[in-house]
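Source file: structure16.tsv; contents: TSV, C-alpha atoms.
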```
chain	number	residue	atom	x	y	z
K	177	MET	CA	77.84	82.32	63.44
K	178	LEU	CA	78.74	81.50	67.04
K	179	SER	CA	76.42	79.22	68.95
K	180	LYS	CA	75.24	80.02	72.46
K	181	GLY	CA	77.45	77.21	73.72
K	182	GLU	CA	80.53	78.68	72.03
K	183	ILE	CA	79.81	82.12	73.45
K	184	ARG	CA	79.31	80.59	76.88
K	185	ARG	CA	82.62	78.72	76.59
K	186	ILE	CA	84.54	81.86	75.65
K	187	ARG	CA	82.91	83.89	78.42
K	188	SER	CA	83.88	81.20	80.93
K	189	LEU	CA	87.53	82.14	80.31
K	190	GLY	CA	86.94	85.24	82.40
K	191	ASP	CA	87.12	82.97	85.46
K	192	LYS	CA	90.22	81.15	86.66
K	193	ALA	CA	88.33	77.85	86.89
K	194	GLY	CA	87.12	78.23	83.30
K	195	ARG	CA	90.63	78.94	82.06
K	196	ARG	CA	91.96	75.92	83.91
K	197	ASP	CA	89.22	73.64	82.58
K	198	GLU	CA	89.64	74.79	78.97
K	199	GLY	CA	93.40	75.30	79.12
K	200	LEU	CA	92.93	78.62	77.34
K	201	PHE	CA	93.15	82.37	77.94
K	202	VAL	CA	91.85	85.40	76.02
K	203	VAL	CA	93.90	87.98	74.09
K	204	GLU	CA	92.19	91.03	72.58
K	205	GLY	CA	93.23	93.85	70.27
K	206	GLU	CA	95.32	94.13	67.12
K	207	LYS	CA	98.57	94.90	68.99
K	208	LEU	CA	98.24	92.18	71.62
K	209	VAL	CA	97.11	89.54	69.16
K	210	GLY	CA	100.02	90.53	66.91
K	211	GLU	CA	102.39	90.02	69.85
K	212	LEU	CA	100.73	86.68	70.57
K	213	LEU	CA	101.18	85.50	66.98
K	214	ALA	CA	104.87	86.48	67.10
K	215	SER	CA	105.42	84.56	70.36
K	216	ASP	CA	105.92	80.88	71.12
K	217	PHE	CA	102.38	80.57	72.50
K	218	THR	CA	99.93	78.34	70.65
K	219	VAL	CA	96.85	80.07	69.21
K	220	ARG	CA	93.82	77.84	69.33
K	221	GLU	CA	91.17	80.13	67.78
K	222	LEU	CA	91.11	83.56	66.16
K	223	PHE	CA	87.99	85.69	65.74
K	224	ARG	CA	87.88	88.76	63.53
K	225	VAL	CA	84.92	91.04	62.84
K	226	GLY	CA	83.80	90.74	59.24
K	227	GLU	CA	85.58	87.43	58.72
K	228	ASN	CA	84.17	84.81	61.07
K	229	VAL	CA	82.17	86.85	63.62
K	230	SER	CA	79.84	89.82	63.45
K	231	ARG	CA	80.31	93.00	65.47
K	232	ALA	CA	77.39	91.97	67.66
K	233	GLU	CA	79.00	88.58	68.34
K	234	MET	CA	82.32	90.24	69.19
K	235	GLU	CA	80.52	92.42	71.71
K	236	ARG	CA	79.15	89.28	73.36
K	237	ILE	CA	82.49	87.48	73.66
K	238	SER	CA	84.70	90.50	74.41
K	239	PHE	CA	85.88	91.35	77.94
K	240	LEU	CA	86.51	95.00	77.02
K	241	ARG	CA	84.11	97.91	77.42
K	242	THR	CA	84.84	98.86	73.83
K	243	PRO	CA	85.45	95.63	71.88
K	244	THR	CA	88.26	95.56	69.35
K	245	PRO	CA	87.96	93.90	65.91
K	246	VAL	CA	90.04	90.85	66.88
K	247	LEU	CA	90.08	88.33	69.73
K	248	ALA	CA	92.20	85.20	70.11
K	249	LEU	CA	92.15	82.15	72.36
K	250	ALA	CA	95.62	80.88	73.25
K	251	GLU	CA	96.76	77.80	75.13
K	252	LEU	CA	97.95	78.26	78.70
K	253	PRO	CA	101.55	77.23	79.37
K	254	ASN	CA	101.67	73.77	80.88
K	255	ALA	CA	101.22	73.23	84.61
K	256	THR	CA	104.93	72.90	85.31
K	257	GLU	CA	105.43	76.41	83.96
K	258	ARG	CA	102.41	77.91	85.71
K	259	GLU	CA	102.83	76.29	89.11
K	260	ALA	CA	106.52	75.52	89.39
K	261	SER	CA	108.09	74.11	92.50
K	262	ALA	CA	110.34	76.42	94.46
K	263	THR	CA	113.29	76.53	92.08
K	264	PHE	CA	115.43	79.57	91.41
K	265	ALA	CA	118.08	80.10	88.76
K	266	GLY	CA	120.04	82.56	90.91
K	267	ASP	CA	121.21	84.70	87.99
K	268	GLY	CA	120.07	88.20	87.12
K	269	LEU	CA	117.40	90.30	88.81
K	270	THR	CA	114.09	88.62	89.65
K	271	LEU	CA	110.73	89.83	90.99
K	272	ALA	CA	108.29	88.14	93.36
K	273	LEU	CA	104.73	89.25	94.20
K	274	ASP	CA	103.35	88.44	97.64
K	275	GLY	CA	99.55	88.55	97.47
K	276	VAL	CA	99.18	91.37	94.92
K	277	GLN	CA	95.49	91.05	94.14
K	278	ASP	CA	94.53	93.84	91.76
K	279	PRO	CA	94.69	92.59	88.13
K	280	GLY	CA	95.69	96.05	86.91
K	281	ASN	CA	98.64	96.13	89.31
K	282	VAL	CA	99.80	92.65	88.32
K	283	GLY	CA	99.56	93.54	84.62
K	284	THR	CA	101.44	96.82	85.10
K	285	ILE	CA	104.17	95.09	87.12
K	286	LEU	CA	104.58	92.52	84.33
K	287	ARG	CA	104.96	95.40	81.88
K	288	LEU	CA	107.56	97.02	84.16
K	289	ALA	CA	109.45	93.75	84.47
K	290	ASP	CA	109.61	93.53	80.68
K	291	TRP	CA	110.78	97.16	80.39
K	292	PHE	CA	113.55	96.75	82.97
K	293	GLY	CA	114.76	93.41	81.63
K	294	VAL	CA	113.41	91.14	84.37
K	295	ARG	CA	112.55	87.81	82.75
K	296	GLU	CA	111.29	85.84	85.77
K	297	LEU	CA	108.30	86.76	87.95
K	298	TYR	CA	107.36	84.53	90.88
K	299	CYS	CA	103.91	84.89	92.42
K	300	SER	CA	102.40	83.60	95.64
K	301	PRO	CA	99.24	81.49	95.16
K	302	GLU	CA	97.22	84.45	96.52
K	303	THR	CA	98.41	86.78	93.76
K	304	ALA	CA	95.93	87.57	90.98
K	305	ASP	CA	96.00	85.09	88.09
K	306	CYS	CA	98.23	86.49	85.35
K	307	TRP	CA	95.98	84.97	82.67
K	308	ASN	CA	92.96	87.01	83.78
K	309	PRO	CA	91.82	89.05	80.72
K	310	LYS	CA	92.36	92.30	82.68
K	311	VAL	CA	95.93	91.32	83.54
K	312	VAL	CA	96.73	90.23	79.99
K	313	GLN	CA	95.38	93.54	78.66
K	314	ALA	CA	97.38	95.60	81.18
K	315	THR	CA	100.66	93.85	80.26
K	316	MET	CA	100.59	95.31	76.75
K	317	GLY	CA	102.26	92.15	75.46
K	318	ALA	CA	104.79	91.65	78.29
K	319	ILE	CA	102.96	88.47	79.31
K	320	PHE	CA	104.51	86.80	76.26
K	321	ARG	CA	108.08	87.73	77.25
K	322	VAL	CA	108.20	87.43	81.05
K	323	ARG	CA	107.87	83.94	82.52
K	324	VAL	CA	105.41	83.84	85.42
K	325	ARG	CA	105.45	81.02	87.95
K	326	TYR	CA	103.19	80.49	90.97
K	327	THR	CA	104.71	78.92	94.06
K	328	PRO	CA	104.63	79.30	97.87
K	329	LEU	CA	107.09	82.15	98.37
K	330	GLU	CA	108.31	80.93	101.76
K	331	GLU	CA	109.74	77.80	100.13
K	332	LEU	CA	111.23	79.77	97.26
K	333	LEU	CA	112.88	82.35	99.51
K	334	ALA	CA	114.35	79.64	101.75
K	335	THR	CA	116.04	78.22	98.64
K	336	VAL	CA	117.24	81.67	97.59
K	337	CYS	CA	118.69	82.32	101.08
K	338	ARG	CA	120.65	79.06	100.99
K	339	ALA	CA	122.09	80.08	97.62
K	340	GLY	CA	123.39	83.32	99.17
K	341	VAL	CA	121.31	85.52	96.84
K	342	PRO	CA	120.24	88.87	98.37
K	343	ILE	CA	116.48	89.23	98.92
K	344	TYR	CA	115.04	92.75	98.90
K	345	GLY	CA	111.63	93.99	99.98
K	346	THR	CA	109.97	97.40	100.34
K	347	PHE	CA	108.85	98.44	103.83
K	348	LEU	CA	107.88	101.65	105.62
K	349	GLU	CA	110.67	101.07	108.16
K	350	GLY	CA	113.43	99.99	105.76
K	351	GLU	CA	116.69	101.62	104.70
K	352	ASN	CA	116.49	104.53	102.26
K	353	ILE	CA	116.70	102.88	98.85
K	354	TYR	CA	118.83	105.72	97.46
K	355	ASP	CA	121.50	105.13	100.13
K	356	SER	CA	121.35	101.32	100.07
K	357	ASP	CA	123.93	98.94	98.67
K	358	LEU	CA	122.01	97.26	95.85
K	359	SER	CA	123.02	94.33	93.66
K	360	PRO	CA	121.66	95.20	90.19
K	361	ASP	CA	122.70	91.95	88.53
K	362	ARG	CA	121.87	89.33	91.16
K	363	GLY	CA	118.95	89.43	93.56
K	364	LEU	CA	115.27	88.90	94.17
K	365	ILE	CA	112.88	91.79	94.89
K	366	VAL	CA	109.62	91.09	96.77
K	367	MET	CA	106.63	93.41	96.41
K	368	GLY	CA	103.72	93.03	98.81
K	369	ASN	CA	99.94	93.18	98.95
K	370	GLU	CA	98.21	96.51	98.22
K	371	GLY	CA	96.88	96.93	101.76
K	372	ARG	CA	98.95	94.67	104.03
K	373	GLY	CA	102.33	94.86	102.35
K	374	ILE	CA	104.70	91.89	102.61
K	375	SER	CA	103.40	89.10	104.84
K	376	ALA	CA	105.27	88.24	108.05
K	377	SER	CA	106.16	84.73	106.85
K	378	VAL	CA	107.75	86.12	103.69
K	379	ALA	CA	109.35	89.11	105.46
K	380	ALA	CA	111.24	86.68	107.72
K	381	HIS	CA	113.37	85.64	104.71
K	382	ILE	CA	114.14	89.15	103.42
K	383	THR	CA	117.77	90.15	103.90
K	384	HIS	CA	117.52	93.82	102.82
K	385	LYS	CA	114.55	96.00	103.82
K	386	LEU	CA	114.19	99.02	101.54
K	387	TYR	CA	112.22	102.23	102.01
K	388	ILE	CA	111.20	104.69	99.28
K	389	PRO	CA	111.25	108.08	101.06
K	390	PRO	CA	109.00	111.06	100.28
K	391	PHE	CA	110.56	114.29	99.08
K	392	PRO	CA	112.13	115.96	100.88
K	393	ALA	CA	113.10	112.98	103.04
K	394	THR	CA	112.49	114.97	106.24
K	395	ALA	CA	108.92	115.86	105.27
K	396	ALA	CA	105.89	114.00	106.59
K	397	PRO	CA	104.47	111.78	103.80
K	398	THR	CA	101.45	113.29	102.08
K	399	SER	CA	100.13	109.78	101.35
K	400	GLU	CA	100.08	106.70	103.56
K	401	SER	CA	101.99	104.63	101.00
K	402	LEU	CA	102.73	104.25	97.30
K	403	ASN	CA	100.72	102.08	94.92
K	404	VAL	CA	102.52	98.74	94.57
K	405	ALA	CA	103.01	99.15	90.81
K	406	THR	CA	104.43	102.66	91.32
K	407	ALA	CA	106.74	101.36	94.06
K	408	THR	CA	107.89	98.58	91.71
K	409	ALA	CA	108.71	101.11	89.00
K	410	ILE	CA	110.80	103.22	91.38
K	411	THR	CA	112.57	100.17	92.82
K	412	LEU	CA	113.46	98.62	89.47
K	413	SER	CA	114.59	101.98	88.12
K	414	GLU	CA	116.95	102.49	91.07
K	415	PHE	CA	118.38	98.98	90.69
K	416	ARG	CA	119.01	99.49	86.99
K	417	ARG	CA	120.54	102.94	87.58
K	418	ARG	CA	123.40	101.43	89.64
```
Would you put the structure from the file into structure tokens?
Amino acid sequence: MLSKGEIRRIRSLGDKAGRRDEGLFVVEGEKLVGELLASDFTVRELFRVGENVSRAEMERISFLRTPTPVLALAELPNATEREASATFAGDGLTLALDGVQDPGNVGTILRLADWFGVRELYCSPETADCWNPKVVQATMGAIFRVRVRYTPLEELLATVCRAGVPIYGTFLEGENIYDSDLSPDRGLIVMGNEGRGISASVAAHITHKLYIPPFPATAAPTSESLNVATATAITLSEFRRR
């Protein structure tokens, strides 16, 4: 039987400060926990209905509207992995998120990165914490395969520029992505905030501004802009199509 203190401790992992203090994050559901157990992450505690917790206790510690039968607490990667300095390998295709704040969007983008073979995701400090239970849930297990690092993007992009790596970003005034010269095997793609897009300080480092046109291209857009996760899916798909 879980004590009130234990329940309080687990619930505190819903907040970034609680996760940092405990060094843990929450994973829920048979599929996600299975992916966790198959990964290199360290599992600290495992709770299963009928084994070491009751259904009522699971409802109290779960972060889901409909609790699943299993919940795990896993150790966060160490600080050097979570908050890396502005280093960049320079090989392959990489993603960066500039102030993407919706946990669902961050989780979906992580899932897209996994699907399209992107193994590195850099995030600005303002981007939603990838270890938020909502983000972890939305990744559908991709969080265990894509390395996420938080760093000031201006510093990172300055390093990337010096290395001669192309930096792409999506804008409303960019070049039509379907007519652009894209580098599918070497480059960094920046996706911006849901409302403001890519910040001016980050945009200053972007070497290729891309635009996803409506259809037909001559028509007035029926929406002001695309959702950032949708735009990421289109962008990655076009890069991988080349």
TODO: Would you mind listing what lies within 12 Å of Met316 in chain K as a VMD selection string, with all atoms listed in the file counted and same-chain residues fewer than 2 positions away left out?
DONE: chain K and resid 203 to 212 280 282 to 291 309 to 314 318 to 322
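Closest approach to Thr406 in chain K among K:Asn281, K:Glu235, K:Pro360, K:Glu330 is made by K:Asn281 (distances from all atoms listed in the file).
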Name the residues in contact with Val225 in chain K at a cut-off of 12 Å, using only C-alpha atoms, excluding same-chain residues fewer than 5 positions from it; report them as an mmCIF file with C-alpha atoms, in the frame of the given file.
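This went into out-v7.cif:
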```cif
data_model
loop_
_atom_site.group_PDB
_atom_site.id
_atom_site.type_symbol
_atom_site.label_atom_id
_atom_site.label_comp_id
_atom_site.auth_asym_id
_atom_site.auth_seq_id
_atom_site.Cartn_x
_atom_site.Cartn_y
_atom_site.Cartn_z
ATOM 1 C CA MET K 177 77.840 82.320 63.440
ATOM 2 C CA GLY K 205 93.230 93.850 70.270
ATOM 3 C CA GLU K 206 95.320 94.130 67.120
ATOM 4 C CA SER K 230 79.840 89.820 63.450
ATOM 5 C CA ARG K 231 80.310 93.000 65.470
ATOM 6 C CA ALA K 232 77.390 91.970 67.660
ATOM 7 C CA GLU K 233 79.000 88.580 68.340
ATOM 8 C CA MET K 234 82.320 90.240 69.190
ATOM 9 C CA GLU K 235 80.520 92.420 71.710
ATOM 10 C CA ILE K 237 82.490 87.480 73.660
ATOM 11 C CA SER K 238 84.700 90.500 74.410
ATOM 12 C CA PRO K 243 85.450 95.630 71.880
ATOM 13 C CA THR K 244 88.260 95.560 69.350
ATOM 14 C CA PRO K 245 87.960 93.900 65.910
ATOM 15 C CA VAL K 246 90.040 90.850 66.880
ATOM 16 C CA LEU K 247 90.080 88.330 69.730
ATOM 17 C CA ALA K 248 92.200 85.200 70.110
#
```
Task: Length of the CA of Pro301 in chain K to CA of Arg220 in chain K vector [Å] - done: 26.6 Å
Open item on the list: Residues proximal to (118.8, 96.4, 86.9) were defined as those with any atom within 9 Å of that point in the file's coordinates, counting only C-alpha atoms. Which are they, as a PyMOL selection string?
Closed with: chain K and resi 268-269+292-294+359-362+412-418
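Compared by their closest atoms to Leu200 in chain K, and using all atoms listed in the file, the residues K:Asn254, K:Thr346, K:Ser215, K:Asn352 rank with K:Asn254 nearest.
Here CA of Asp274 in chain K stands at a distance of 28.4 Å from CA of Arg187 in chain K.
As for CA of Gln277 in chain K and CA of Ile374 in chain K, they are spaced 12.5 Å apart.
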TODO: Dump as JSON, numbers by chain all residues having an atom at most 7 Å from (118.6, 96.5, 101.5), computed in the file's coordinates with only C-alpha atoms.
DONE: {"K": [344, 351, 356, 357, 358, 383, 384, 385, 386]}
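Nearest residue to Ala339 in chain K among K:Gly363, K:Phe391, K:Val378, K:Phe223 is K:Gly363, counting all atoms listed in the file.
Between Ser377 in chain K and the candidates K:Leu329, K:Val336, K:Asn403, K:Ile343, the tightest atom-to-atom separation, counting all atoms listed in the file, involves K:Leu329.
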Take range 375-391 of chain K, model N, CA, C and O atoms, and hand the result over as a short mmCIF file (atom, residue, chain, number, x, y, z; two decimals), keeping the file's coordinate frame.
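Final output, saved to rebuild_3.cif:
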```
data_model
loop_
_atom_site.label_atom_id
_atom_site.label_comp_id
_atom_site.auth_asym_id
_atom_site.auth_seq_id
_atom_site.Cartn_x
_atom_site.Cartn_y
_atom_site.Cartn_z
N SER K 375 103.85 89.90 103.71
CA SER K 375 103.40 89.10 104.84
C SER K 375 104.56 88.77 105.77
O SER K 375 105.73 88.73 105.36
N ALA K 376 104.24 88.51 107.04
CA ALA K 376 105.27 88.24 108.05
C ALA K 376 106.09 87.01 107.70
O ALA K 376 107.31 86.99 107.89
N SER K 377 105.44 85.97 107.17
CA SER K 377 106.16 84.73 106.85
C SER K 377 107.16 84.93 105.72
O SER K 377 108.21 84.29 105.68
N VAL K 378 106.83 85.82 104.79
CA VAL K 378 107.75 86.12 103.69
C VAL K 378 108.81 87.11 104.16
O VAL K 378 110.00 86.97 103.83
N ALA K 379 108.41 88.09 104.96
CA ALA K 379 109.35 89.11 105.46
C ALA K 379 110.48 88.48 106.26
O ALA K 379 111.61 89.00 106.29
N ALA K 380 110.22 87.34 106.90
CA ALA K 380 111.24 86.68 107.72
C ALA K 380 112.45 86.25 106.88
O ALA K 380 113.54 86.05 107.43
N HIS K 381 112.28 86.10 105.58
CA HIS K 381 113.37 85.64 104.71
C HIS K 381 114.09 86.80 104.01
O HIS K 381 115.10 86.57 103.33
N ILE K 382 113.57 88.01 104.14
CA ILE K 382 114.14 89.15 103.42
C ILE K 382 115.42 89.63 104.10
O ILE K 382 115.44 89.85 105.31
N THR K 383 116.47 89.77 103.34
CA THR K 383 117.77 90.15 103.90
C THR K 383 118.03 91.66 103.84
O THR K 383 118.90 92.16 104.56
N HIS K 384 117.32 92.38 102.97
CA HIS K 384 117.52 93.82 102.82
C HIS K 384 116.16 94.52 102.74
O HIS K 384 115.45 94.37 101.74
N LYS K 385 115.81 95.25 103.80
CA LYS K 385 114.55 96.00 103.82
C LYS K 385 114.79 97.40 103.25
O LYS K 385 115.64 98.13 103.76
N LEU K 386 114.02 97.74 102.22
CA LEU K 386 114.19 99.02 101.54
C LEU K 386 112.99 99.93 101.80
O LEU K 386 111.86 99.46 101.97
N TYR K 387 113.27 101.23 101.79
CA TYR K 387 112.22 102.23 102.01
C TYR K 387 112.34 103.30 100.93
O TYR K 387 113.44 103.81 100.67
N ILE K 388 111.23 103.62 100.27
CA ILE K 388 111.20 104.69 99.28
C ILE K 388 110.72 105.95 100.00
O ILE K 388 109.54 106.05 100.36
N PRO K 389 111.62 106.92 100.26
CA PRO K 389 111.25 108.08 101.06
C PRO K 389 110.45 109.11 100.26
O PRO K 389 110.55 109.17 99.03
N PRO K 390 109.66 109.93 100.96
CA PRO K 390 109.00 111.06 100.28
C PRO K 390 110.03 112.14 100.01
O PRO K 390 111.20 112.01 100.40
N PHE K 391 109.63 113.18 99.35
CA PHE K 391 110.56 114.29 99.08
C PHE K 391 109.98 115.59 99.64
O PHE K 391 108.82 115.90 99.36
#
```
